[in-house]
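Enquirer: File name data-v1.txt; file contents compact mmCIF, C-alpha atoms; full text below.
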# COMPACT_ATOMS: atom_id res chain seq x y z
CA MET A 1 -40.75 -21.50 46.87
CA ALA A 2 -40.28 -17.79 47.13
CA ALA A 3 -37.36 -17.45 44.79
CA ARG A 4 -37.10 -14.07 43.12
CA VAL A 5 -35.02 -12.77 40.32
CA THR A 6 -32.61 -10.43 41.96
CA ARG A 7 -30.30 -9.64 39.09
CA ASP A 8 -29.45 -10.70 35.62
CA LEU A 9 -25.76 -11.49 35.74
CA THR A 10 -25.34 -13.30 32.48
CA GLY A 11 -27.82 -11.46 30.38
CA GLU A 12 -29.51 -14.81 29.75
CA THR A 13 -29.68 -16.70 33.00
CA PRO A 14 -31.20 -14.70 35.79
CA VAL A 15 -29.58 -15.52 39.10
CA SER A 16 -32.17 -15.93 41.72
CA HIS A 17 -31.57 -16.26 45.38
CA PRO A 18 -34.47 -16.52 47.72
CA LYS A 19 -32.95 -15.29 50.94
CA LEU A 20 -31.22 -12.03 50.23
CA VAL A 21 -31.46 -9.45 52.97
CA GLY A 22 -34.57 -7.35 53.00
CA HIS A 23 -36.82 -9.95 51.36
CA GLN A 24 -39.64 -11.55 53.26
CA ILE A 25 -39.32 -15.30 52.86
CA ALA A 26 -42.31 -17.61 52.94
CA ASP A 27 -40.33 -20.87 53.01
CA MET A 28 -37.95 -21.20 55.91
CA SER A 29 -34.94 -23.38 55.57
CA PRO A 30 -35.13 -26.57 57.60
CA ALA A 31 -31.47 -26.17 58.47
CA LYS A 32 -30.71 -24.62 61.81
CA ASN A 33 -29.01 -21.28 62.39
CA PHE A 34 -31.01 -19.73 59.61
CA GLN A 35 -29.87 -16.21 58.83
CA PHE A 36 -30.59 -13.77 56.08
CA LEU A 37 -27.87 -13.40 53.53
CA LYS A 38 -26.43 -9.96 53.10
CA GLN A 39 -26.09 -8.49 49.64
CA GLU A 40 -22.36 -7.92 50.10
CA ASP A 41 -21.84 -11.58 51.08
CA PHE A 42 -23.62 -12.66 47.94
CA ASP A 43 -21.55 -10.31 45.79
CA ARG A 44 -18.38 -11.54 47.46
CA LEU A 45 -19.39 -15.11 46.72
CA LEU A 46 -19.89 -14.32 43.03
CA THR A 47 -16.53 -12.57 42.84
CA TRP A 48 -14.90 -15.54 44.52
CA LEU A 49 -16.48 -17.92 42.01
CA ASP A 50 -15.25 -15.93 39.06
CA SER A 51 -13.90 -12.45 38.49
CA ASP A 52 -16.04 -12.16 35.38
CA HIS A 53 -19.60 -11.29 36.30
CA ASN A 54 -21.24 -13.44 33.61
CA ASP A 55 -19.10 -16.48 34.30
CA ALA A 56 -19.72 -16.09 38.02
CA GLY A 57 -23.46 -16.19 37.37
CA LEU A 58 -23.12 -19.33 35.31
CA ALA A 59 -20.90 -20.98 37.92
CA TYR A 60 -23.43 -20.11 40.63
CA GLU A 61 -26.31 -21.64 38.67
CA ARG A 62 -24.25 -24.72 37.86
CA ILE A 63 -23.27 -25.31 41.48
CA ARG A 64 -26.84 -24.79 42.64
CA TRP A 65 -28.13 -27.31 40.08
CA ARG A 66 -25.56 -29.88 41.18
CA LEU A 67 -26.36 -29.45 44.86
CA ILE A 68 -30.05 -29.88 44.13
CA ALA A 69 -29.42 -33.00 42.05
CA ILE A 70 -27.29 -34.55 44.80
CA LEU A 71 -29.75 -33.72 47.56
CA ALA A 72 -32.68 -35.05 45.55
CA SER A 73 -30.73 -38.20 44.84
CA ARG A 74 -30.19 -38.65 48.56
CA GLY A 75 -33.94 -38.60 49.03
CA CYS A 76 -34.25 -35.09 50.41
CA ALA A 77 -37.78 -33.74 50.04
CA VAL A 78 -36.70 -30.09 49.92
CA PRO A 79 -33.48 -30.10 47.89
CA GLU A 80 -33.83 -26.53 46.63
CA GLU A 81 -34.06 -25.15 50.14
CA LEU A 82 -31.07 -27.10 51.39
CA ALA A 83 -29.05 -26.07 48.33
CA ASP A 84 -29.85 -22.41 49.01
CA GLU A 85 -28.97 -22.86 52.66
CA THR A 86 -25.62 -24.38 51.59
CA ILE A 87 -24.89 -21.45 49.29
CA ASP A 88 -25.79 -18.99 52.05
CA ARG A 89 -23.37 -20.60 54.45
CA VAL A 90 -20.57 -20.62 51.90
CA ALA A 91 -21.29 -16.99 51.01
CA ARG A 92 -20.97 -15.99 54.66
CA ARG A 93 -17.64 -17.77 54.94
CA VAL A 94 -16.08 -16.52 51.72
CA ALA A 95 -14.51 -13.52 53.47
CA ASP A 96 -12.58 -15.92 55.72
CA ILE A 97 -11.52 -18.52 53.20
CA ARG A 98 -10.99 -16.72 49.92
CA ASP A 99 -7.29 -16.04 50.57
CA THR A 100 -6.44 -19.42 51.98
CA TYR A 101 -8.66 -21.91 50.17
CA VAL A 102 -6.87 -23.99 47.57
CA GLY A 103 -8.62 -26.38 45.18
CA ASP A 104 -11.90 -26.75 43.39
CA LYS A 105 -14.38 -24.30 44.86
CA ALA A 106 -17.31 -26.54 43.97
CA ILE A 107 -15.91 -29.24 46.26
CA TYR A 108 -16.06 -26.79 49.16
CA PHE A 109 -19.80 -26.44 48.53
CA LEU A 110 -20.13 -30.22 48.68
CA GLY A 111 -18.53 -30.30 52.13
CA VAL A 112 -20.84 -27.62 53.45
CA MET A 113 -23.83 -29.34 51.85
CA ASN A 114 -22.99 -32.55 53.69
CA ASN A 115 -23.24 -30.66 56.99
CA VAL A 116 -26.50 -29.02 56.00
CA HIS A 117 -27.97 -32.34 54.91
CA HIS A 118 -26.78 -34.01 58.12
CA GLU A 119 -28.58 -31.38 60.17
CA TYR A 120 -31.68 -31.78 58.04
CA LEU A 121 -31.75 -35.52 58.68
CA LYS A 122 -31.62 -34.93 62.43
CA ARG A 123 -34.68 -32.73 62.35
CA PRO A 124 -38.12 -34.20 62.80
CA THR A 125 -39.76 -34.69 59.42
CA MET A 126 -42.39 -32.13 58.64
CA ALA A 127 -45.08 -32.90 56.14
CA ARG A 128 -44.76 -30.34 53.39
CA PRO A 129 -48.04 -29.29 51.85
CA PRO A 130 -48.03 -29.48 48.09
CA ASP A 131 -47.67 -26.18 46.30
CA ALA A 132 -51.04 -24.81 45.36
CA VAL A 133 -50.72 -24.08 41.69
CA ASP A 134 -53.35 -23.54 39.09
CA ASP A 135 -52.35 -26.46 36.94
CA VAL A 136 -54.77 -25.75 34.09
CA GLU A 137 -53.67 -22.14 33.83
CA ILE A 138 -49.98 -23.09 33.87
CA LYS A 139 -50.59 -25.76 31.26
CA GLU A 140 -52.31 -23.26 28.98
CA LYS A 141 -49.47 -20.79 29.38
CA THR A 142 -46.92 -23.49 28.76
CA HIS A 143 -48.83 -24.48 25.63
CA LEU A 144 -48.65 -20.92 24.32
CA CYS A 145 -44.98 -20.67 25.18
CA LEU A 146 -44.28 -23.99 23.50
CA ASP A 147 -45.85 -22.67 20.30
CA LYS A 148 -43.76 -19.51 20.46
CA CYS A 149 -40.56 -21.40 21.15
CA LEU A 150 -41.20 -23.99 18.45
CA ASP A 151 -41.60 -21.12 15.99
CA LYS A 152 -38.19 -19.84 17.02
CA LEU A 153 -36.48 -23.12 16.14
CA THR A 154 -34.89 -23.62 12.75
CA ALA A 155 -36.85 -25.73 10.27
CA ASN A 156 -34.46 -28.66 10.72
CA SER A 157 -34.53 -28.53 14.50
CA ARG A 158 -38.29 -28.28 14.55
CA ARG A 159 -38.68 -31.23 12.22
CA MET A 160 -36.28 -33.25 14.32
CA ILE A 161 -38.15 -32.48 17.54
CA GLU A 162 -41.49 -33.24 15.92
CA ARG A 163 -40.33 -36.61 14.72
CA TYR A 164 -38.30 -37.40 17.83
CA TYR A 165 -41.35 -37.03 20.04
CA ALA A 166 -43.70 -38.68 17.58
CA ALA A 167 -45.47 -42.04 17.95
CA ASP A 168 -45.57 -44.44 20.87
CA LYS A 169 -43.43 -47.28 22.14
CA GLN A 170 -42.35 -49.63 19.31
CA ALA A 171 -43.56 -47.19 16.65
CA LYS A 172 -41.46 -44.52 18.30
CA ILE A 173 -38.40 -46.75 18.28
CA ASP A 174 -38.95 -47.52 14.60
CA LEU A 175 -39.41 -43.87 13.78
CA ARG A 176 -36.25 -42.88 15.66
CA LYS A 177 -34.25 -45.57 13.90
CA GLN A 178 -35.58 -44.32 10.61
CA LEU A 179 -34.81 -40.72 11.53
CA ALA A 180 -31.27 -41.66 12.59
CA ALA A 181 -30.74 -43.58 9.36
CA GLU A 182 -32.04 -40.70 7.27
CA SER A 183 -29.71 -38.29 9.05
CA GLY A 184 -26.81 -40.71 8.70
CA VAL A 185 -26.10 -40.78 12.44
CA SER A 186 -26.30 -43.34 15.21
CA LEU A 187 -29.32 -43.52 17.50
CA ASN A 188 -27.23 -42.16 20.35
CA THR A 189 -26.13 -39.13 18.36
CA LEU A 190 -29.71 -38.52 17.31
CA ARG A 191 -30.77 -38.67 20.94
CA LEU A 192 -28.06 -36.20 21.87
CA ARG A 193 -29.10 -33.78 19.13
CA ALA A 194 -32.75 -34.02 20.06
CA LEU A 195 -31.97 -33.47 23.74
CA ARG A 196 -29.86 -30.42 22.93
CA ILE A 197 -32.78 -28.92 21.04
CA ARG A 198 -35.08 -29.96 23.86
CA GLU A 199 -32.77 -28.17 26.31
CA LYS A 200 -32.99 -24.98 24.27
CA LEU A 201 -36.73 -25.38 24.08
CA GLN A 202 -36.95 -25.82 27.85
CA ALA A 203 -34.89 -22.67 28.48
CA CYS A 204 -36.99 -20.73 25.98
CA ILE A 205 -40.25 -21.91 27.57
CA GLU A 206 -39.06 -21.02 31.05
CA GLN A 207 -38.04 -17.57 29.91
CA CYS A 208 -41.37 -17.18 28.16
CA LEU A 209 -43.29 -18.29 31.26
CA GLN A 210 -41.40 -15.77 33.37
CA THR A 211 -42.33 -12.93 31.05
CA GLU A 212 -45.92 -14.20 30.92
CA VAL A 213 -46.11 -14.19 34.71
CA LEU A 214 -44.46 -10.80 35.03
CA MET B 1 -20.01 -35.97 15.10
CA THR B 2 -18.37 -39.17 16.19
CA ASP B 3 -19.62 -41.39 18.91
CA MET B 4 -16.50 -40.84 20.99
CA ALA B 5 -17.24 -37.15 21.14
CA ASN B 6 -20.75 -37.92 22.18
CA PRO B 7 -21.32 -37.02 25.83
CA LEU B 8 -24.21 -39.46 25.99
CA ASN B 9 -22.16 -42.52 25.18
CA SER B 10 -22.92 -45.49 27.40
CA VAL B 11 -19.48 -45.59 28.96
CA ILE B 12 -17.04 -42.78 28.37
CA SER B 13 -13.94 -41.33 29.86
CA ASP B 14 -15.45 -40.22 33.17
CA GLY B 15 -16.32 -43.84 33.89
CA PHE B 16 -20.02 -43.37 34.58
CA SER B 17 -22.52 -44.89 32.19
CA ASP B 18 -25.81 -43.26 31.28
CA GLU B 19 -27.53 -45.96 33.27
CA THR B 20 -25.52 -45.05 36.39
CA ILE B 21 -26.43 -41.38 35.99
CA ARG B 22 -30.08 -42.32 35.54
CA ARG B 23 -29.98 -44.36 38.74
CA PHE B 24 -28.30 -41.45 40.50
CA LEU B 25 -31.03 -39.07 39.39
CA LEU B 26 -33.67 -41.55 40.52
CA GLY B 27 -31.90 -41.87 43.89
CA ASN B 28 -31.18 -45.53 43.33
CA LEU B 29 -27.38 -45.74 43.48
CA SER B 30 -25.58 -48.05 45.86
CA ALA B 31 -23.89 -46.62 48.96
CA SER B 32 -20.47 -47.11 47.39
CA GLU B 33 -21.32 -45.46 44.06
CA GLN B 34 -23.18 -42.45 45.45
CA PRO B 35 -20.24 -40.50 47.00
CA LEU B 36 -18.03 -41.17 43.96
CA LEU B 37 -20.58 -39.78 41.56
CA GLU B 38 -21.36 -36.82 43.85
CA GLN B 39 -17.70 -35.89 44.04
CA ARG B 40 -17.27 -36.18 40.28
CA LEU B 41 -20.46 -34.31 39.50
CA MET B 42 -19.31 -31.31 41.54
CA SER B 43 -15.98 -31.03 39.76
CA ASP B 44 -16.64 -32.32 36.24
CA ILE B 45 -18.44 -30.01 33.84
CA GLY B 46 -18.80 -32.79 31.27
CA LEU B 47 -20.59 -35.04 33.72
CA ASP B 48 -22.77 -32.13 34.75
CA ALA B 49 -23.82 -31.58 31.13
CA ARG B 50 -24.58 -35.27 30.65
CA ALA B 51 -26.63 -35.40 33.82
CA ARG B 52 -28.71 -32.41 32.67
CA LEU B 53 -29.50 -34.12 29.38
CA ILE B 54 -30.31 -37.40 31.08
CA GLU B 55 -32.62 -35.48 33.39
CA LEU B 56 -34.57 -34.36 30.31
CA ASP B 57 -34.47 -37.88 28.92
CA LEU B 58 -35.92 -39.24 32.16
CA ALA B 59 -38.74 -36.71 32.03
CA ASP B 60 -39.45 -37.75 28.43
CA ASP B 61 -39.43 -41.42 29.37
CA TYR B 62 -41.83 -40.83 32.22
CA ALA B 63 -44.16 -38.76 30.04
CA CYS B 64 -44.21 -41.49 27.37
CA GLY B 65 -44.71 -44.30 29.89
CA ARG B 66 -41.38 -45.92 29.13
CA LEU B 67 -40.25 -46.35 32.74
CA THR B 68 -40.71 -49.57 34.69
CA THR B 69 -43.12 -49.56 37.63
CA SER B 70 -40.31 -49.27 40.19
CA ASP B 71 -38.59 -46.49 38.22
CA ARG B 72 -41.89 -44.62 37.94
CA ARG B 73 -42.27 -44.79 41.69
CA LEU B 74 -38.72 -43.54 42.22
CA PHE B 75 -39.29 -40.80 39.66
CA GLU B 76 -42.36 -39.55 41.51
CA GLN B 77 -40.84 -39.82 44.97
CA ARG B 78 -37.22 -38.80 44.44
CA PHE B 79 -36.93 -37.09 41.10
CA LEU B 80 -39.98 -34.92 40.93
CA VAL B 81 -39.09 -32.95 44.06
CA THR B 82 -38.06 -29.66 42.47
CA ALA B 83 -40.03 -27.04 40.60
CA ASP B 84 -37.48 -27.12 37.79
CA ARG B 85 -37.97 -30.82 37.20
CA GLN B 86 -41.73 -30.45 37.34
CA ARG B 87 -41.51 -27.84 34.60
CA LYS B 88 -39.37 -30.17 32.54
CA LEU B 89 -41.91 -32.94 32.93
CA ARG B 90 -44.70 -30.56 31.89
CA VAL B 91 -42.84 -29.70 28.69
CA SER B 92 -42.15 -33.39 28.02
CA GLU B 93 -45.85 -34.17 28.38
CA LEU B 94 -46.77 -31.31 26.09
CA LEU B 95 -44.32 -32.40 23.44
CA HIS B 96 -45.55 -35.96 23.70
CA ASP B 97 -49.20 -34.89 23.43
CA ARG B 98 -48.48 -32.56 20.57
CA PHE B 99 -46.46 -34.81 18.32
CA SER B 100 -47.30 -38.43 19.17
CA PHE B 101 -50.33 -38.60 16.85
CA ALA B 102 -48.52 -37.00 13.93
CA GLY B 103 -45.74 -39.56 14.11
CA ALA B 104 -48.06 -42.53 14.33
CA THR B 105 -49.88 -41.31 11.23
CA GLU B 106 -46.63 -40.83 9.36
CA LEU B 107 -45.45 -44.30 10.26
CA ALA B 108 -48.78 -45.92 9.41
CA ALA B 109 -48.82 -44.17 6.03
CA ARG B 110 -45.64 -45.95 4.99
CA PRO B 111 -46.14 -49.38 3.40
CA GLU B 112 -44.55 -52.37 5.08
CA THR B 113 -42.36 -53.12 2.06
CA ASP B 114 -41.02 -49.60 2.17
CA ARG B 115 -40.02 -50.06 5.77
CA GLY B 116 -38.45 -53.46 5.01
CA GLY B 117 -36.54 -52.00 2.09
CA ASN B 118 -35.41 -49.15 4.22
CA ARG B 119 -34.19 -51.51 6.90
CA LEU B 120 -32.12 -53.42 4.37
CA TRP B 121 -30.86 -50.16 2.93
CA HIS B 122 -29.86 -48.93 6.34
CA PHE B 123 -28.46 -52.30 7.38
CA PHE B 124 -25.75 -52.03 4.74
CA GLY B 125 -25.22 -48.40 5.61
CA LEU B 126 -26.04 -47.26 2.09
CA ASN B 127 -27.80 -44.22 3.43
CA ARG B 128 -24.52 -42.81 4.76
CA ARG B 129 -23.29 -39.63 3.16
CA ALA B 130 -19.92 -41.23 2.44
CA TRP B 131 -21.59 -43.87 0.27
CA ARG B 132 -23.60 -41.27 -1.59
CA ILE B 133 -20.49 -39.26 -2.32
CA ALA B 134 -18.64 -42.43 -3.38
CA PHE B 135 -21.43 -43.45 -5.78
CA GLY B 136 -21.61 -39.95 -7.21
CA ALA B 137 -17.84 -39.88 -7.72
CA LEU B 138 -17.90 -43.30 -9.39
CA ILE B 139 -20.60 -42.25 -11.85
CA LEU B 140 -18.73 -39.05 -12.65
CA LEU B 141 -15.51 -41.03 -13.16
CA ILE B 142 -17.19 -43.44 -15.58
CA LEU B 143 -18.75 -40.57 -17.53
CA PHE B 144 -15.47 -38.68 -17.68
CA GLY B 145 -13.56 -41.81 -18.74
CA THR B 146 -16.02 -42.55 -21.55
CA VAL B 147 -15.88 -39.02 -22.87
CA LEU B 148 -12.09 -39.03 -22.71
CA LEU B 149 -11.90 -42.35 -24.55
CA VAL B 150 -14.14 -41.15 -27.37
CA VAL B 151 -12.36 -37.84 -27.74
CA LYS B 152 -8.79 -39.06 -27.45
CA GLU B 153 -9.15 -42.32 -29.36
CA PRO B 154 -11.42 -41.72 -32.37
CA ARG B 155 -10.16 -44.87 -34.05
CA LEU B 156 -11.22 -46.96 -31.10
CA ALA B 157 -14.62 -45.35 -31.15
CA GLU B 158 -14.87 -46.05 -34.88
CA ARG B 159 -13.97 -49.69 -34.36
CA ILE B 160 -16.57 -50.04 -31.67
CA THR B 161 -19.27 -48.48 -33.82
CA LYS B 162 -18.33 -50.70 -36.77
CA LYS B 163 -18.60 -53.75 -34.60
CA ILE B 164 -21.91 -52.78 -33.14
CA ILE B 165 -23.71 -51.49 -36.28
CA PRO B 166 -23.39 -54.57 -38.54
CA ARG B 167 -24.59 -56.84 -35.77
CA ARG B 168 -27.66 -54.72 -35.34
CA SER B 169 -28.36 -54.85 -39.11
CA ILE B 170 -28.54 -58.68 -39.21
CA ARG B 171 -32.12 -59.66 -39.70
CA PRO B 172 -33.60 -62.87 -38.38
CA ALA B 173 -33.95 -65.73 -40.85
CA PRO B 174 -37.43 -66.04 -42.34
CA ARG B 175 -39.52 -68.93 -41.18
CA ALA B 176 -39.69 -71.97 -43.39
CA LYS B 177 -42.65 -71.72 -45.66
CA LEU B 178 -45.47 -74.17 -45.28
CA THR B 179 -45.55 -75.97 -48.61
CA ILE B 180 -48.43 -77.99 -50.08
CA ARG B 181 -46.38 -81.11 -49.61
CA THR B 182 -45.88 -80.64 -45.88
CA MET B 183 -49.50 -79.68 -45.46
CA PHE B 184 -50.52 -82.89 -47.15
CA ARG B 185 -48.28 -84.90 -44.86
CA VAL B 186 -49.70 -83.29 -41.76
CA ARG B 187 -53.21 -83.90 -42.94
CA SER B 188 -52.53 -87.54 -43.62
CA ILE B 189 -51.07 -88.01 -40.16
CA HIS B 190 -54.14 -86.41 -38.66
CA GLN B 191 -56.46 -88.68 -40.61
CA LEU B 192 -54.45 -91.70 -39.68
CA LEU B 193 -54.67 -90.82 -36.02
CA LEU B 194 -58.42 -90.43 -36.23
CA GLN B 195 -58.79 -93.77 -37.90
CA CYS B 196 -56.67 -95.41 -35.28
CA ARG B 197 -58.66 -93.90 -32.49
CA PHE B 198 -62.05 -95.09 -33.73
CA MET B 199 -61.03 -98.31 -35.40
CA THR B 200 -58.14 -99.56 -33.38
CA GLN B 201 -58.54 -103.12 -34.58
CA GLN B 202 -58.03 -102.13 -38.18
CA CYS B 203 -54.84 -100.21 -37.68
CA ASP B 204 -52.67 -103.19 -38.27
CA HIS B 205 -53.11 -103.22 -42.01
CA LEU B 206 -51.89 -99.63 -42.39
CA LYS B 207 -48.50 -99.40 -43.91
CA PRO B 208 -46.04 -97.36 -41.90
CA LEU B 209 -45.04 -94.14 -43.48
CA PRO B 210 -41.32 -93.37 -43.56
CA TYR B 211 -41.71 -90.24 -41.39
CA PHE B 212 -44.35 -91.47 -38.98
CA PRO B 213 -43.84 -93.92 -36.05
CA LEU B 214 -46.96 -95.96 -36.66
CA HIS B 215 -45.83 -98.86 -34.50
CA LEU B 216 -45.86 -96.57 -31.49
CA ILE B 217 -49.44 -95.46 -32.14
CA ARG B 218 -50.54 -99.02 -32.52
CA ALA B 219 -48.95 -100.02 -29.29
CA ARG B 220 -50.62 -97.14 -27.47
CA TYR B 221 -54.16 -97.78 -28.70
CA ARG B 222 -53.95 -101.52 -28.08
CA ARG B 223 -53.30 -100.89 -24.46
Rewrite the coordinates I just gave you, this time as structure tokens.

Expert:
Amino acid sequence: MAARVTRDLTGETPVSHPKLVGHQIADMSPAKNFQFLKQEDFDRLLTWLDSDHNDAGLAYERIRWRLIAILASRGCAVPEELADETIDRVARRVADIRDTYVGDKAIYFLGVMNNVHHEYLKRPTMARPPDAVDDVEIKEKTHLCLDKCLDKLTANSRRMIERYYAADKQAKIDLRKQLAAESGVSLNTLRLRALRIREKLQACIEQCLQTEVL
Amino acid sequence: MTDMANPLNSVISDGFSDETIRRFLLGNLSASEQPLLEQRLMSDIGLDARARLIELDLADDYACGRLTTSDRRLFEQRFLVTADRQRKLRVSELLHDRFSFAGATELAARPETDRGGNRLWHFFGLNRRAWRIAFGALILLILFGTVLLVVKEPRLAERITKKIIPRRSIRPAPRAKLTIRTMFRVRSIHQLLLQCRFMTQQCDHLKPLPYFPLHLIRARYRR
């Protein structure tokens, strides 16, 4: 996918949109009526989502993630592309609807996504070649980034992650029970804590990989 | 943190269990459930956050080989279709590779009894912070009470010490001394027994001593 970082709206989460005007796109959307998105349409969309620039960026990322999750769940092979196509269409229509639309804006995206997905299903299926990526190189970089990000964790968080991901199968279950008991929390709470740390770790690694690539 | 506040509870206010969200992410929801969850996911930030965490959990489960064969197939075909999810899986695999050995070693190093004891300890919830605080408070209370009693009631303390000290000073009674007379008696019994053993037929003429049950010995050796 040819997604590029176009701007950093939140200061943390870079908002990327692959089809802004002026960019040459390698992947073409399978949806019909493909058009490039103008910068002003994209800006208008963000303003419509939230008057605050940072919150608008977060809302955009959240909606995009949800669209991708739904499309993947429906069995779509290219959910990211269809999600971007959905956002493009909404962005082009914001000028017409922003004064009249009432209700949850995210639901509007869902309606448009249904149309985009419907069109996608009507198209003949095209075999999509797998992305050619240097897996070994990426793994090495990810390893380095993991080290860096683990070092950034607090001692407690690091210890929790180390023990949460330790051992296999039954031994892992035993270890997690033991860890939960030591922390005085239920297994579910332990899982939640570990996943929150894991989420931070994932974000840190992705940021690290981006800087490594750039 | 209470379990009710936990967004990963099995069934919480939004009505979708973790299992339902997992099936949604694997593209395995029924036709009736799918639109409901889609609608809710778009409008509910809480559900969105849960789904993101369960996405990570699924990647972890796949990396550790905890998914069933059918779920693994669904994961590969329907879940692993975005670059973001592939990155998540890569991190899960790295974490699993990095820490799995360390944990196994740690667990193996613990003796079985320790683990059994721990289980019992945890079963009664004695590891909870509340219990620790309660025990600590109880010990402090006992200590404080004792000190207060001694300070405020010196007469009581005196009475207690008087009661305890004489008892401690009582010495055990000396053993009865072994006199020549008793020694002689023991010796005679021993001799008598020996005679009876080797000459059982001649035991009859022995006169019974007042302290020795000769008739019993006779009866035994005749048999």

Enquirer: What's the separation between atom CA of Gln202 of chain A and atom CA of Val185 of chain A, in Å to one decimal place?

Expert: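 Value for the atom CA of Gln202 of chain A-atom CA of Val185 of chain A distance: 24.1 Å.
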
Enquirer: Residues of chain A that have any atom at most 9 Å from an atom of chain B: could you tabulate them with the shortest-distance atom pair and the distance in Å to one decimal, using all atoms listed in the file, ordered by chain and increasing number, as a Markdown table?

Expert:
| residue | atom | partner | partner_atom | distance |
| --- | --- | --- | --- | --- |
| A:Met1 | CA | B:Ala83 | CA | 8.4 |
| A:Arg62 | CA | B:Asp48 | CA | 8.2 |
| A:Ile63 | CA | B:Met42 | CA | 7.2 |
| A:Trp65 | CA | B:Asp48 | CA | 9.0 |
| A:Arg66 | CA | B:Met42 | CA | 6.4 |
| A:Leu67 | CA | B:Met42 | CA | 8.0 |
| A:Ile68 | CA | B:Thr82 | CA | 8.2 |
| A:Ala69 | CA | B:Leu25 | CA | 6.8 |
| A:Ile70 | CA | B:Glu38 | CA | 6.4 |
| A:Ala72 | CA | B:Arg78 | CA | 6.0 |
| A:Ser73 | CA | B:Gly27 | CA | 4.0 |
| A:Arg74 | CA | B:Gly27 | CA | 5.9 |
| A:Gly75 | CA | B:Arg78 | CA | 5.6 |
| A:Cys76 | CA | B:Arg78 | CA | 7.6 |
| A:Ala77 | CA | B:Val81 | CA | 6.2 |
| A:Val78 | CA | B:Val81 | CA | 6.9 |
| A:Pro79 | CA | B:Thr82 | CA | 7.1 |
| A:Glu80 | CA | B:Thr82 | CA | 6.7 |
| A:Asp104 | CA | B:Ser43 | CA | 6.9 |
| A:Lys105 | CA | B:Ser43 | CA | 8.6 |
| A:Ala106 | CA | B:Met42 | CA | 5.7 |
| A:Ile107 | CA | B:Met42 | CA | 6.2 |
| A:Phe109 | CA | B:Met42 | CA | 8.5 |
| A:Leu110 | CA | B:Met42 | CA | 7.3 |
| A:Lys139 | CA | B:Arg90 | CA | 7.6 |
| A:Thr142 | CA | B:Val91 | CA | 7.4 |
| A:His143 | CA | B:Leu94 | CA | 7.1 |
| A:Leu146 | CA | B:Val91 | CA | 7.8 |
| A:Ile161 | CA | B:Leu95 | CA | 8.5 |
| A:Glu162 | CA | B:Phe99 | CA | 5.7 |
| A:Arg163 | CA | B:Gly103 | CA | 6.2 |
| A:Tyr164 | CA | B:Phe99 | CA | 8.6 |
| A:Tyr165 | CA | B:His96 | CA | 5.7 |
| A:Ala166 | CA | B:Ser100 | CA | 3.9 |
| A:Ala167 | CA | B:Ser100 | CA | 4.2 |
| A:Asp168 | CA | B:Ser100 | CA | 6.5 |
| A:Lys169 | CA | B:Arg66 | CA | 7.4 |
| A:Ala171 | CA | B:Ala104 | CA | 6.9 |
| A:Lys172 | CA | B:Gly103 | CA | 7.8 |
| A:Asp174 | CA | B:Leu107 | CA | 8.5 |
| A:Leu175 | CA | B:Leu107 | CA | 7.0 |
| A:Gln178 | CA | B:Asn118 | CA | 8.0 |
| A:Ala181 | CA | B:His122 | CA | 6.2 |
| A:Glu182 | CA | B:Asn127 | CA | 6.7 |
| A:Ser183 | CA | B:Arg128 | CA | 8.1 |
| A:Gly184 | CA | B:Arg128 | CA | 5.0 |
| A:Val185 | CA | B:Arg128 | CA | 8.1 |
| A:Ser186 | CA | B:Asp3 | CA | 7.9 |
| A:Asn188 | CA | B:Leu8 | CA | 6.9 |
| A:Thr189 | CA | B:Asn6 | CA | 6.7 |
| A:Arg191 | CA | B:Leu8 | CA | 8.3 |
| A:Leu192 | CA | B:Leu8 | CA | 6.5 |
| A:Leu195 | CA | B:Leu53 | CA | 6.2 |
| A:Arg196 | CA | B:Leu53 | CA | 7.4 |
| A:Arg198 | CA | B:Leu56 | CA | 7.8 |
| A:Glu199 | CA | B:Leu53 | CA | 7.5 |
| A:Leu201 | CA | B:Val91 | CA | 8.8 |
| A:Gln202 | CA | B:Lys88 | CA | 6.8 |
| A:Ile205 | CA | B:Val91 | CA | 8.3 |
| A:Glu206 | CA | B:Arg87 | CA | 8.1 |

Enquirer: Report, in Å to a single decimal, how far apart atom CA of Glu140 of chain A and atom CA of Gln210 of chain A are.

Expert: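 Calculated distance between atom CA of Gln210 of chain A and atom CA of Glu140 of chain A is 13.9 Å.
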
Enquirer: Just to confirm, what's the straight-line distance from atom CA of Met113 of chain A to atom CA of Asp88 of chain A in Å (one decimal)?

Expert: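 Interatomic distance, atom CA of Met113 of chain A to atom CA of Asp88 of chain A: 10.5 Å.
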
Enquirer: Can you tell me, as AutoDock Vina command-line options, the centre and edge lengths (Å, one decimal) of the axis-aligned box enclosing all of segment 194-211 of chain A's listed atoms after padding each side by 3 Å?

Expert:
--center_x -36.6 --center_y -23.5 --center_z 26.7 --size_x 19.4 --size_y 27.1 --size_z 19.3
